[in-house]
Each structure stands twice: as structure tokens, then as C-alpha cells.
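Asks: For reference, the structure I am asking about is given below.
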Amino acid sequence: MSQRTEQQASAGCRLVRLAETDRSGVTIFHGGKALDALAGDTLLTALLCNGVALRRNEFDGGLRSGFCNMGACQDCWVLLEDGSRIRACTTEVWDGMRVRAPDANE
Amino acid sequence: MNDDTPRVLIVGAGPAGTRAAEALVAHGVAPIVVDEGARSGGQIYRRPPAGFTRPAAALYGFEARKAQAVHATLDGLRERIDYRPNTLIWNIEGGVAQALGPDGIERIRFDALILATGAMDRVIPFPGWTLPGVFTMGGSQVALKAQGCAIGDPVVFMGTGPLLYLVAYQYVHAGARVAAVLDTSHLSQAIPVFPGLLWGGRTFAKGLWYMTWLRAAGIPVRGGITPVAAEGQSALEAVRYRDRRGREHRIACTGLGIGYSVKSEVQLAELAGCEMAFDPLAQQWLPQADVDGRAIEGSVYLAGDGAGVAGADAAEVRGRLAALALLADKDIATDRASQARLRAKLRRIMRFRNALERALPVPFHLARTLPDETVICRCEAITAGDIREGRALAPAEMNRAKAFTRVGMGRCQGRVCGPAAAQILAAARGCAVEDVGRLRGQAPVKPLSIRAGAEAAVEDRSRAASI
Amino acid sequence: MSESRTDVVIVGGGLVGCAAALHLRSRGASVAVVEKNQLGAAASGVNFGGVRRNGRKLAELPIAARALAIWKRLPELVGSDCEYEITGNIKVARTDEHMDQIAAHAEAQAEYGVEVEMLGRNTLRDRYPWLGESALGAAYCATDGQANPRLVGPAFARAARAAGAMMVEHDGAQRVERDGSGFVVETESGRTLRGDTLINSSGAWGGRLAAQFGEPVEIWPMEPQMIVTEPAPYFMVPVLAVVGGDVYARQIPRGNVIFGGRSGTADLDVGFGKVHAEESLTTLARTIEIIPRIADLAVIRFWSGVEGCTEDHLPVLCPSRTTPGLVHAFGFSGHGFCLGPASGAVAAELALDGRSETPIEGFDIGRFDSP
């Protein structure tokens with residue numbers, strides 16, 4: 001479907017960890033690629049700390065990486081590999097969580 | 001509880017919902033408390049997930065004791081109330097709240113309802129605001145408070161309102177690089193003009209304190225600015241603004257927090273049947289209630305920022321007042337003296353709030369003059385030009401603009417873009433913003449999983465439509 | 001207050017009334033439209049948006065054919081295609097009995113020139129792999145389609161106004177009376193509109209107006225409960241309807257799936273649709289049986305509107321039997337969107353000529369008289 005490169009999808013913004021880094025690690029998968037995260041991260045935090053954008057807007061095609069971070073703006077719904085959709089800013093990661101990359105074939 | 005004890009549903013477990021629950025329990029009424037959050041405290045006193053270790057002072061600063069007290073109150077009530085975290089009320093219809101929680105959809109019947117739905121950032125779009133790296137001010141704060149993260153490196157904060165300096169202070173304090181604080185108003189000029197601000201006493205002093213602290217820490221703080229654009233290829237790289245003299249500046253950053261104070265979350269109040277009226281100060285349609293939060297006597301009560309923004313201290317007072325009003329309406333004896341004290345306290349806070357809103361006006365005019373190509377509705381990618389033109393059908397009213405252009409029709413149902421879209425439409429029609437009306441609240445107030453909805457369906461073929 | 005005199009006064013500014021106004025102007029007649037709320041809103045603005053002949057009652061097929069021709073000319077008529085697209089329509093059967101039913105109907109429709117292709121289970125699954133197991137077969141009509149109902153009525157209203165029709169909005173007809181050889185309409189704001197002829201296109205409220213002229217028609221208000229999902233990759237081209245009516249669905253190229261099937265009960269005095277979320281939950285359950293993949297999507301909005309149904313689910317579109325110069329065009333029973341543009345044209349012809357070339361035998365108001 002999309003010819004956009006993985007590189008573009010990876011050019012999302014980067015959250016920077018300042019504190020609370022002593023938590024246990026978990027591994028999540030984004031487009032099949034393993035990413036490190038910490039227990040208690042929201043999916044938004046985990047992906048953005050890895051420099052990965054969350055999704056593309058369906059209409060302008062732009063990358064999106066959340067906005068309100070509190071479950072109000074609905075701009076961070078992402079697709080899991082099992083087809084279900086979750087809101088990244090209000091869902092905590094679990095070990096082995098598998099997320100589709102924004103430009104993956106649907 | 002005996003049988004005629006009213007069945008009370010409280011929506012929201014922030015400071016207002018918590019204090020309402022506390023007051024009800026003190027009078028022998030055990031409410032159901034439904035909250036979208038995983039942990040109580042609301043947005044203002046949001047608690048990090050399990051395993052986080054920073055002390056309250058690091059998370060809440062001056063407000064640490066208040067935050068801890070609110071948390072402890074709800075924790076202490078948990079054995080006596082029916083507390084349901086991680087649960088969204090997505091519709092209210094005929095004395096039943098439809099909830100979506102971890103176990104799917106549930107219908108919660110109630111005799112009376114206290115809505116403490118809180119607020120979210122008020123946003124004025126500008127070119128580039130949908131780029132990854134641009135967050136709301138509240139969202140920036142959540143990243144830090146609940147996740148220990150900064151939204152970028154370096155970060156710029158831009159907008160106006162009490163959160164601007166607080167969040168910037170918290171970021172610097174936590175070790176983030178803050179490249180600038182850009183204020184569309186002039187906080188330091190506001191003091192002599194608005195003596196009402198002095199009613200706020202400590203609160204206002206804190207605002208000035210944060211600003212002074214930031215300056216002393218060497219953070220550029222600019223007042224009277226105008227946002228121009230957020231820039232970047234596929235994510236934020238810089239923000240451009242004009243200073244008060246009209247000169248343009250560009251600051252490189254990978255995180256930008258924006259916001260113009262906060263606005264009430266009113267969707268459930270509207271679905272519950274509250275009368276809505278335009279508030280000229282907030283430039284928002286708000287559910288109407290009396291001083292105690294009584295919206296529909298005997299059934300619907302409003303508390304906290306969801307009923308008009310007044311801040312966390314007011315929310316605690318309003319939570320108690322709403323509970324007392326409800327109890328009185330249900331013929332349960334309450335202490336009139338404490339009610340009078342709460343009302344007096346609320347009056348003092350409101351005097352300050354009103355002065356603050358006037359001193360730090362939301363620059364809605366920025367929305368009215370946005371370039372046509374600026375995306376306003378970030379869900380549906382609808383631009384300012386689309387709204388103005390309305391597909392050549394010249395909508396005179398917000399719901400028509402929505403019908404014609406799809407503005408506010410996406411996943412967020414207009415809660416983010418609605419206020420700015422109304423300003424743009426009003427300017428295009430040459431009328432006052434209240435004359436273009438408001439986007440009507442519609443269920444579900446947030447996206448509802450079809451699978452969950454289907455699993456909860458009650459089979460009843462008797463009312464099937466014949467098409 | 002203002003007074004006007006036009007050849008025709010139209011009470012009810014929905015799609016039918018606005019289309020009639022445009023048609024009257026194209027014939028050179030002067031016309032005023034009175035609408036109590038917004039032009040082109042109400043049932044015209046909140047319906048499902050199907051434009052089809054597949055599965056349609058035979059009596060409606062001739063006027064539907066005329067409607068189709070008008071739909072294709074929307075850009076030149078009203079300046080916008082209103083997102084009208086010919087996407088095809090599948091009427092899906094879940095039982096052998098329903099399969100026989102649609103096959104028989106397809107044969108009858110062929111006599112009206114409607115080409116319908118019968119699809120067996122395997123063909124159906126090959127063409128539409130997203131259909132659920134319960135779909136046994138379908139009748140497919142390639143010439144059907146869909147449009148955006150929020151745009152069509154307002155586009156006709158704008159075109160009628162641009163063509164010189166007087167369009168009165170937010171000012172309902174309060175008193176409608178015969179006056180000498182014509183009619184006089186007084187509005188809520190005190191406006192007086194006089195006309196030689198009167199078109200009653202007041203939708204679900206048309207029965208009340210007809211009753212004033214001694215020809216009552218019972219109208220059952222209904223509130224279709226509509227649902228729209230978040231956008232999803234475009235997979236579903238044709239409009240889908242299930243025999244029995246408990247699921248109908250379409251997807252727009254933007255990705256949203258719009259569907260419905262259940263109806264609430266309406267109150268004509270309230271005048272707007274009320275969402276009954278419980279009804280819609282039932283529709284969710286029914287729909288994922290037919291289109292399983294939408295289970296992963298989220299609903300972003302429910303809505304409803306008021307429509308008026310007659311006893312036989314056919315419209316009233318005819319000259320009045322009691323009152324010369326009065327034309328009825330109401331009670332479209334949920335079929336008014338597709339038929340709207342042509343019904344307006346027919347109503348205009350009835351008002352000017354007393355007759356129309358389009359066969360409308362099944363829509364006479366006299367059919368409800370007790371024998």
C-alpha cells in the first residue's frame with residue numbers, strides 16, 4: 001500500500017526520560033521490531049521514547065504522535081497486530097505487546 | 001443502606017468527585033464512583049502507575065499536601081463506595097449511564113448523578129500544530145508527572161494561562177531543557193490593571209514566583225507574543241512566533257507544549273439534559289447550575305471544572321457543595337453552616353478566577369484570522385478555509401458547518417477544535433460567536449468499541465425497523 | 001409583517017420541497033418555501049444516504065428511474081455532486097426463503113428495466129470476502145449508489161434560492177388556509193404568503209396538514225438509529241442491505257462505515273430524533289454477523305432523525321382530492337432521499353399542470369379510504 005519509508009515513520013518525536021527509570025524492562029514489538037520499554041509506560045511513552053511515531057492521519061497523511069496525552073483528543077489510536085485498536089496514551093504496555101507500524105500494509 | 005437511600009452515580013474521581021463522594025458517605029449515602037483514570041486524582045492530581053517512586057513533593061510541588069489529601073480520601077472510601085476505575089461513561093439516557101469498563105459495557109441505573117468530568121486544554125490551532133512533538137500543556141505535564149518524561153529536548157511552552165509557567169517550572173526543575181516560555185498575554189502587566197487578582201493571594205503569587213524563578217534560571221520568557229507556526233519535515237523541529245513589536249523569531253525545539261488555560265468537558269452534562277448557555281468569559285457553552293451545582297433538581301448535579309473552570313481548590317469545594325445539594329433535595333439532613341462556609345469560600349475563589357480570566361485573555365482572535373490552509377479539525381483534517389467556505393453552502397451555524405464540512409465529526413467529536421472552529425465560522429459570517437451555536441453533544445462521548453457494544457446488546461426483535 | 005404572493009407556496013423545506021422549488025423556477029413559476037427549522041435538514045439530512053432501486057417496491061420504480069437521471073445531473077443542477085457515487089447495491093439474504101424472495105423481486109424489477117444480478121453463495125464470497133458466514137446470497141444492482149444526505153437538501157435549497165425562489169427558514173407555517181381561488185400561509189413570525197397553489201411537502205408532519213383539508217392520512221413517526229465508525233481502509237464498495245431490514249450499511253471512500261437497522265419511537269411534537277443507544281447496540285451485534293471485520297472498529301457517533309411512515313410504506317404524492325390547487329408530497333416512509341429530487345419535480349408538475357408524465361398511481365391519497 002504505502003510507499004512511504006520506514007525511515008519516515010521513525011522520524012516521530014522523541015520523549016526524553018528524566019526520572020523513574022528504575023522500573024523493570026519490558027519488550028514490545030513495533031512493525032515486528034523489538035523495542036525496549038519500562039513497566040508502567042503508556043504505549044505512547046514507550047513508542048515515543050524509541051523515536052517512533054504513533055500513526056498517520058487518515059486524511060492528510062501526516063504522522064501523528066498524540067496531543068492531549070489524557071484520553072481526550074483521540075489522536076493516538078493505534079492498531080495492534082491482532083487487529084484491535086487501542087488508545088496509546090491511556091494504555092499501559094505489556095511485555096510482548098505487538099503494535100503495527102503506521103505504514104504497514106493493512 | 002435502606003431501600004429509599006438514593007442511588008447516586010459520581011462521574012470522575014478528581015478533586016470534585018472525591019470530595020462529593022466523601023460528603024455523601026458522611027451522610028450515609030454510598031455512591032458509585034466511575035472514573036476513566038486507572039487511579040484516582042483526576043488530571044490535576046494524577047497519580048503515576050505502580051512502581052513509580054518520586055515523592056509527592058516532586059510531582060505536585062506546592063500542591064503536594066492537597067493532592068495527597070485527595071488521594072487519601074478516595075483510598076479511604078474505597079471499602080464503602082462502589083469505585084470503578086478505567087471506566088468510561090459513554091452515554092446517559094433516561095436515568096441510566098452506559099459505561100464501558102475493563103469487563104465491557106455495563107448499564108448503571110441512578111437516581112441522581114454528580115458529574116465531575118473535569119477539563120482539558122483549550123487549544124487554538126496554528127500552522128503545524130498537528131506535527132509529532134506538539135502536545136497540549138496538560139499533556140506535557142502528564143508526560144512528566146505520570147511518566148517521568150519530557151516531551152522533547154529542548155522544549156518550548158507557548159500559550160497563556162496558569163499552567164504555562166507552572167509546567168515550564170516543573171520541566172526545568174525536573175532537569176529538562178526549556179528553550180523558551182512564550183506567553184500571548186502579559187502576566188506582569190496584569191497586576192495593576194486587575195486588582196481582583198489579589199483575591200487569589202497565594203495562587204497568583206505562585207504564578208509570579210514561577211515566572212521569576214524561570215527568568216532567574218535563565219529561561220527566556222516572552223510576553224505578548226503571537227504564534228506563527230510549528231515547523232518540521234515529519235516531526236517538530238522549530239517554532240516560529242512574532243514578538244510584541246512584530247519581529248519574527250524561530251526557536252529550534254523537538255517538543256512544544258501549547259494551551260490557553262483549560263475548558264470544561266461538558267458532553268455528559270448535555271446528554272444528561274442540562275440546559276446549556278454561552279459563557280462570554282470562557283467563550284464556551286456551559287451546562288447551567290445554581291451556586292451549589294444543582295443543574296436539574298433531584299437528578300443532575302455538577303461539580304468541578306466540568307461545570308465551568310475554577311481550578312482544583314474550587315473543585316474540592318464544589319464537589320462538597322454538589323453532594324450537600326443532592327442530599328438536601330433527597331430530604332437527607334445536612335449541616336447548613338458548613339454549606340454557607342463552602343459557598344463563601346467558593347465566592348472568594350471565583351472572584352480571583354474571573355479576574356484571572358480577564359487578565360490572561362484567551363486570544364481567540366488568533367483563530368479568527370488563521371490562514372485558510374491551516375488544519376483546524378485534526379481528526380478529519382478540515383481547514384480554516386473549509387469552515388469559512390462550508391463547501392459553498394455558507395453554513396450559519398456550527399452543526400451546519402459540521403454537516404457540510406465534517407469539522408468536529410471525527411473521533412474527538414469536536415472537543416479539541418470546536419471552540420476555534422466556532423470563532424472562525426463567526427468571523428466568516430460576521431456575527432458573534434454565540435450566534436453560531438455549539439456542536440451538539442452526541443453519544444458516544446468517546447469512541448466505543450463495536451465488539452464491546454455488540455457483546456452487550458440485549459436481544460429484542462420487537463422494535464426492529466421495517467425498511 | 002411582510003406579505004408575498006407567488007404562484008406556488010411550498011410548506012416544508014426538506015429535499016422534496018427544495019427540489020420542487022428548483023423545478024418550479026426552471027419552469028418560470030414564482031415560488032416561496034416555508035421551513036420551520038433548517039432547509040434540507042430533518043429526515044432529508046440525517047437519513048442513511050442510499051440511492052437505490054434494488055429491492056425497492058415496484059410502485060416506486062418509475063419515479064426512482066427518473067430520480068436516478070436527476071442524481072446523475074446534480075453538478076449541473078445544484079453545483080455539487082453531493083458525494084453521489086454509483087457504487088452498486090447488494091441485498092443480502094440469510095435464508096433460502098429470503099433468497100427466493102429477492103430472486104422473485106429481481107424478476108419483477110426486470111420488467112421495469114432494472115437490471116439485477118443474482119449472486120450465489122460462492123460468487124458472493126469471491127466478490128465480497130468481507131461478508132460473514134450468514135450471507136447466503138444476494139441481489140446485486142450495479143446502477144445503485146449513495147450520496148451524502150447532509151449536502152443534498154441544502155444544495156437544492158441553495159440552487160432554488162439562486163434561481164429566485166423565496167426561501168423562508170426557521171419560520172414554520174402556523175396557519176394554512178384556502179383563500180378565494182388560492183391559499184394563504186401565515187408563519188410563526190407573522191409573515192403572510194399567498195399562492196395560487198400549495199405543495200404540502202412537510203414530511204412526517206404532512207398528515208396533519210392534509211387532515212386540515214379533510215383528507216387525513218395516518219403517519220407513523222419513526223426514528224432510524226444511525227451509527228458511524230471511525231475511518232478504516234476502504235473495503236466495502238457497494239451499499240449493503242439485509243433482507244428483513246435489520247442491517248443496512250455503506251462505507252464512504254474516506255473510510256467511515258455508516259450503518260443502521262433499528263428504529264426508536266419518535267414524537268412529532270418534539271420534532272427531532274433521539275438516540276436510543278440500546279437499539280444501536282443491537283444493530284452492532286447484527287452487523288458484525290454480516291460484516292465481521294467492523295468488530296475491531298469503534299463507533300464515533302450515533303444519531304437519529306424523524307421520518308414519517310404511511311400504512312403501506314409508500315409516499316403520498318398526488319393532487320388533493322378535496323382541494324383544487326393543493327398537492328401532497330409527504331410520508332416518504334424512509335424512501336424519500338433517493339426519490340426526493342424526482343418527487344420534487346413531480347410535485348412541481350402537479351402544481352403547474354395538474355398532472356405528471358411520471359407514473360405515480362400507487363401514491364394517491366385516496367388509497368387509505370376505508371372501503
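Starting from 1 in every chain, residues are counted up; chains themselves are A, B, ... following the order of the C-alpha cells, and ligands are numbered from 1 as listed.
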As a PyMOL selection string, please: the residues near Leu393 of chain B (cut-off 12 Å, only C-alpha atoms, same-chain neighbours under 5 positions excluded).
Replies: (chain B and resi 386-388+400-405) or (chain C and resi 39-40+78-80+82+150-159+161-162)
Asks: Fewer than 2 positions away in the same chain doesn't count, so skip those; otherwise give me all residues within 8 Å of segment 264-273 of chain C, counting only C-alpha atoms, as a list in words.
Replies: Arg463 of chain B; Ala42, Ala204, Trp205, Pro221, Met222, Glu223, Pro224, Gln225, Arg262, Val275, His276, Glu279, Trp303, Ser304, Gly305 and Val306 of chain C
Asks: May I have the residues of chain C within 6 Å of chain B, counting only C-alpha atoms, written as a list in words?
Replies: Arg150, Gly245, Arg262, Ser263, Leu281, Thr282, Leu284, Ala285, Ala295, Leu297, Ala298, Val299, Ile300, Arg301 and Phe302 of chain C
Asks: Could you dump the residues just selected with C-alpha atoms as an mmCIF file, in the first residue's frame?
Replies:
```
data_model
loop_
_atom_site.group_PDB
_atom_site.id
_atom_site.type_symbol
_atom_site.label_atom_id
_atom_site.label_comp_id
_atom_site.auth_asym_id
_atom_site.auth_seq_id
_atom_site.Cartn_x
_atom_site.Cartn_y
_atom_site.Cartn_z
ATOM 1 C CA ARG C 150 -26.168 16.316 4.755
ATOM 2 C CA GLY C 245 -34.145 -4.652 7.172
ATOM 3 C CA ARG C 262 -33.200 -0.335 14.266
ATOM 4 C CA SER C 263 -35.588 2.436 14.978
ATOM 5 C CA LEU C 281 -26.140 -1.839 20.381
ATOM 6 C CA THR C 282 -28.469 -4.423 18.891
ATOM 7 C CA LEU C 284 -23.907 -3.529 16.306
ATOM 8 C CA ALA C 285 -24.497 -7.182 17.161
ATOM 9 C CA ALA C 295 -15.933 -5.514 15.205
ATOM 10 C CA LEU C 297 -13.586 -0.567 14.772
ATOM 11 C CA ALA C 298 -15.022 1.994 17.142
ATOM 12 C CA VAL C 299 -18.280 3.859 16.828
ATOM 13 C CA ILE C 300 -17.676 7.580 16.884
ATOM 14 C CA ARG C 301 -21.244 8.788 16.731
ATOM 15 C CA PHE C 302 -24.857 7.707 16.947
#
```
Asks: Could you please tell me, as a PyMOL selection string, which residues of chain A have an atom within 10 Å of chain B when using only C-alpha atoms?
Replies: chain A and resi 8-24+39-42+44-46+48-49+52-55+57-75+77+84-87+89-92
Asks: I'd like the contact shell of segment 340-345 of chain C - 6 Å cut-off, only C-alpha atoms, skipping same-chain residues fewer than 6 positions apart - returned as a PyMOL selection string.
Replies: chain C and resi 15-16+19-20+23+66-67
Asks: Find the spatial neighbours of Phe29 of chain A, counting only C-alpha atoms, within a cut-off of 7 Å - ignore same-chain residues fewer than 5 positions away - and output them as a list in words.
Replies: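 In the requested format, the answer is Ala34, Leu35, Gly96, Met97, Arg98 and Val99 of chain A.
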Asks: Residues of segment 190-370 of chain C classed as strand (DSSP E) by DSSP on the backbone are to be reported as a PyMOL selection string.
Replies: chain C and resi 192-200+220-229+239-242+248-251+257-265+298-304+307-309+316-319+326-330
Asks: Kindly give the distance, in Å, that separates atom CA of Arg56 of chain A and atom CA of Leu100 of chain B, rounded to a single decimal.
Replies: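 Calculated distance between atom CA of Arg56 of chain A and atom CA of Leu100 of chain B is 26.4 Å.
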Asks: Which residue, C:Val51, C:Ala232, C:Val11, C:Val168, has the smallest gap to chain A when you use only C-alpha atoms?
Replies: C:Ala232
Asks: Each residue of chain C lying at most 8 Å from chain A should get a row with its shortest atom-to-atom pair and the distance in Å to one decimal, counting only C-alpha atoms; could you produce that, ordered by chain and increasing number, as a Markdown table?
Replies:
```
| residue | atom | partner | partner_atom | distance |
| --- | --- | --- | --- | --- |
| C:Pro231 | CA | A:Glu58 | CA | 7.2 |
| C:Pro233 | CA | A:Glu106 | CA | 7.5 |
| C:Arg254 | CA | A:Phe59 | CA | 7.5 |
| C:Asp296 | CA | A:Ser84 | CA | 5.3 |
| C:Leu297 | CA | A:Arg85 | CA | 7.2 |
```
Asks: May I have the residues from that selection written out with N, CA and C atoms, as a PDB file, in the first residue's frame?
Replies:
```pdb
ATOM      1  N   PRO C 231     -12.714   6.067  10.665  1.00  0.00           N
ATOM      2  CA  PRO C 231     -12.308   5.652   9.323  1.00  0.00           C
ATOM      3  C   PRO C 231     -11.490   4.365   9.348  1.00  0.00           C
ATOM      4  N   PRO C 233      -9.590   1.385   6.408  1.00  0.00           N
ATOM      5  CA  PRO C 233      -9.254   1.208   4.993  1.00  0.00           C
ATOM      6  C   PRO C 233     -10.506   0.822   4.186  1.00  0.00           C
ATOM      7  N   ARG C 254     -13.766   7.851   2.301  1.00  0.00           N
ATOM      8  CA  ARG C 254     -12.939   8.350   3.401  1.00  0.00           C
ATOM      9  C   ARG C 254     -12.681   7.263   4.433  1.00  0.00           C
ATOM     10  N   ASP C 296     -13.636  -4.727  14.999  1.00  0.00           N
ATOM     11  CA  ASP C 296     -12.412  -4.099  15.503  1.00  0.00           C
ATOM     12  C   ASP C 296     -12.471  -2.575  15.488  1.00  0.00           C
ATOM     13  N   LEU C 297     -13.496  -2.029  14.862  1.00  0.00           N
ATOM     14  CA  LEU C 297     -13.586  -0.567  14.772  1.00  0.00           C
ATOM     15  C   LEU C 297     -14.339   0.001  15.968  1.00  0.00           C
TER      16      LEU C 297
END
```
Asks: Would you kindly return, as a list of chain:residue names, each protein, DNA or RNA residue with an atom no farther than 6 Å from any atom of Val26 of chain A, considering only C-alpha atoms and excluding same-chain residues fewer than 3 positions away?
Replies: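 The residues that qualify are A:Ala37, A:Leu38, A:Asp95.
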Asks: Determine the nearest neighbour of Arg250 of chain C from the options C:Ser320, C:Ser26, C:Thr287, C:Thr358, counting only C-alpha atoms.
Replies: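 Among C:Ser320, C:Ser26, C:Thr287, C:Thr358, it is C:Thr287 that comes nearest to Arg250 of chain C.
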Asks: To one decimal place, how far is atom CA of Pro162 of chain B from atom CA of Gly246 of chain B in Å?
Replies: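 Separating atom CA of Pro162 of chain B from atom CA of Gly246 of chain B is a distance of 24.7 Å.
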Asks: What separation in Å, quoted to one decimal, exists between atom CA of Gly232 of chain B and atom CA of Pro127 of chain B?
Replies: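 It comes out at 11.0 Å.
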Asks: Fewer than 4 positions away in the same chain doesn't count, so skip those; otherwise give me all residues within 10 Å of Arg438 of chain B, counting only C-alpha atoms, as a list of chain:residue names.
Replies: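 Contacts, with the query itself left out: B:Met276, B:Ala277, B:Phe278, B:Gln284, B:Trp285, B:Glu397, B:Met398, B:Asn399, B:Gly414, B:Gly418, B:Pro419, B:Ala421, B:Ala422, B:Val433, B:Glu434.
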